[in-house]
Amino acid sequence: MSDETPPPAPVPAGPPAARRMTWATAGGIALVTFLIGVLIAVWAINRFGASGAAEQPQNVPAAPQPTKVIVTPPVATDPASLSARQELLSAQLTALEQRGAAITAASASAYGNATRAEGLFVALAARRQISRGQGLGYLEQQLRDRFGATQPNEVNAIIAASRDPVTVEDLRLGLDQIGPQLALGPSGGTGWGGSVWRLLGSLIIVHPRNTPSPVPSERLARVRRMLAQDQVEAAVEEVNKLPGAAQATGWMTGAKRYVEARKALNVLEAAALSGRVVNPATANPASAR
């Protein structure tokens, strides 16, 4: 029997190889699992993140508007600044008062001018109607409203003249009718003896050089010229100097009424120009309706 020790049996190589395969497999599995998780996370972000972003404006409240801050300038409190400010305000107030007074004065002037113009228009319209021998109509009330309180006598004279009008043409025609009686006098038709005597007496008449002739025929001619020039008052004076003036009472009455109406119209026109006229819209509102 030999003393040699038998060699040890060889160790199988299977287990270490199997252990190395196990670690590699585990590492691969872990890597694959990690990649799958990353992919799932990316997909989830793309899927749910977009819809959440789309719905976010509906749920998120609006951003608050910035608050506007008004900074008030500091008010001066020292006496000098307060006094200067008070003087400035006083000057501005004085300027406003002056402007207001100017506007008031301008308004009053415009109102007065309008009232004077209306009164003058009424007076001129009344003169035109009387000159035409026509009634005044609605102008009667206008004359009473505007001039009745200040010139009642003139208003009454104009209204009376308009109700029985006398024109220059009426006076001229009347003078033609009574002319022979005015020239011959009251005894002009008593006989040929008186007529011859008056004719002889009128042949020689002595009068100053620069005075109108007193011959009745020439006086009548002057009266006609005066009527043509609307000088009725002067014509009345000439007729009073004629021999038959006593027989012209009707003509004289009409001529005097004509003169009085024109004088009254002159007074009303002067009153309208001077502002002595009433506006019926303010004095008597009922008459303006």
# chains A, B, ... in the order shown; residues from 1 in each chain; ligands from 1

$ residues_around --residues "Leu273 (chain A)" --least-positions-apart "5" --cutoff "12 Å" --atoms "only C-alpha atoms" --output "ChimeraX atom specification"
/A:112-124,266-268

$ residues_around --residues "Thr167 (chain A)" --least-positions-apart "2" --cutoff "12 Å" --atoms "only C-alpha atoms" --output "PyMOL selection string"
chain A and resi 127-134+161-162+164-165+169-174+227-228+230+232+251+254-259+261-262

$ residues_around --residues "region 233-241 of chain A" --least-positions-apart "6" --cutoff "9 Å" --atoms "only C-alpha atoms" --output "JSON, numbers by chain"
{"A": [182, 214, 216, 219, 220, 222, 223, 224, 225, 226, 227, 248, 252, 255, 256, 258, 259]}

$ write_last_selection --atoms "N, CA, C and O atoms" --output "compact mmCIF listing (two decimals), in the first residue's frame"
# COMPACT_ATOMS: atom_id res chain seq x y z
N LEU A 182 -113.09 180.67 -49.74
CA LEU A 182 -112.00 181.20 -48.93
C LEU A 182 -111.44 182.49 -49.51
O LEU A 182 -111.07 183.41 -48.78
N PRO A 214 -100.13 188.82 -49.70
CA PRO A 214 -101.39 188.54 -49.02
C PRO A 214 -102.58 188.36 -49.95
O PRO A 214 -103.72 188.22 -49.49
N PRO A 216 -105.44 186.74 -51.84
CA PRO A 216 -106.06 185.44 -51.55
C PRO A 216 -105.70 184.34 -52.54
O PRO A 216 -105.48 183.20 -52.16
N ARG A 219 -102.33 183.16 -51.74
CA ARG A 219 -102.35 182.38 -50.49
C ARG A 219 -102.85 180.96 -50.75
O ARG A 219 -102.31 179.99 -50.23
N LEU A 220 -103.88 180.85 -51.56
CA LEU A 220 -104.40 179.52 -51.89
C LEU A 220 -103.35 178.70 -52.62
O LEU A 220 -103.21 177.49 -52.39
N ARG A 222 -100.15 178.97 -52.25
CA ARG A 222 -99.17 178.54 -51.25
C ARG A 222 -99.70 177.40 -50.39
O ARG A 222 -98.98 176.47 -50.04
N VAL A 223 -100.97 177.45 -50.08
CA VAL A 223 -101.57 176.37 -49.28
C VAL A 223 -101.48 175.05 -50.04
O VAL A 223 -101.16 174.01 -49.45
N ARG A 224 -101.74 175.07 -51.33
CA ARG A 224 -101.66 173.84 -52.12
C ARG A 224 -100.22 173.31 -52.15
O ARG A 224 -100.00 172.09 -52.07
N ARG A 225 -99.25 174.21 -52.28
CA ARG A 225 -97.85 173.75 -52.27
C ARG A 225 -97.48 173.16 -50.91
O ARG A 225 -96.76 172.17 -50.83
N MET A 226 -97.96 173.76 -49.87
CA MET A 226 -97.68 173.24 -48.53
C MET A 226 -98.29 171.86 -48.32
O MET A 226 -97.67 170.98 -47.72
N LEU A 227 -99.49 171.66 -48.81
CA LEU A 227 -100.11 170.35 -48.69
C LEU A 227 -99.33 169.30 -49.49
O LEU A 227 -99.20 168.16 -49.06
N ALA A 248 -114.52 177.65 -43.44
CA ALA A 248 -113.71 176.44 -43.61
C ALA A 248 -113.56 175.68 -42.30
O ALA A 248 -112.51 175.09 -42.03
N MET A 252 -110.79 172.92 -41.47
CA MET A 252 -109.84 173.23 -40.40
C MET A 252 -109.84 172.15 -39.33
O MET A 252 -108.79 171.77 -38.80
N ALA A 255 -107.91 169.19 -40.67
CA ALA A 255 -106.48 169.49 -40.75
C ALA A 255 -105.85 169.48 -39.36
O ALA A 255 -104.72 168.98 -39.18
N LYS A 256 -106.54 170.01 -38.36
CA LYS A 256 -105.99 170.01 -37.00
C LYS A 256 -105.90 168.59 -36.44
O LYS A 256 -104.93 168.26 -35.74
N TYR A 258 -105.37 165.97 -38.23
CA TYR A 258 -104.21 165.41 -38.94
C TYR A 258 -102.90 165.85 -38.26
O TYR A 258 -102.00 165.02 -38.03
N VAL A 259 -102.81 167.14 -37.93
CA VAL A 259 -101.59 167.65 -37.29
C VAL A 259 -101.40 167.02 -35.91
O VAL A 259 -100.28 166.64 -35.53

$ atom_distance --atom1 "CA of Ala270 (chain A)" --atom2 "CA of Asn156 (chain A)"
16.9 Å

$ atom_distance --atom1 "CA of Gly135 (chain A)" --atom2 "CA of Ala160 (chain A)"
9.8 Å

$ atom_distance --atom1 "CA of Ala264 (chain A)" --atom2 "CA of Leu242 (chain A)"
28.0 Å
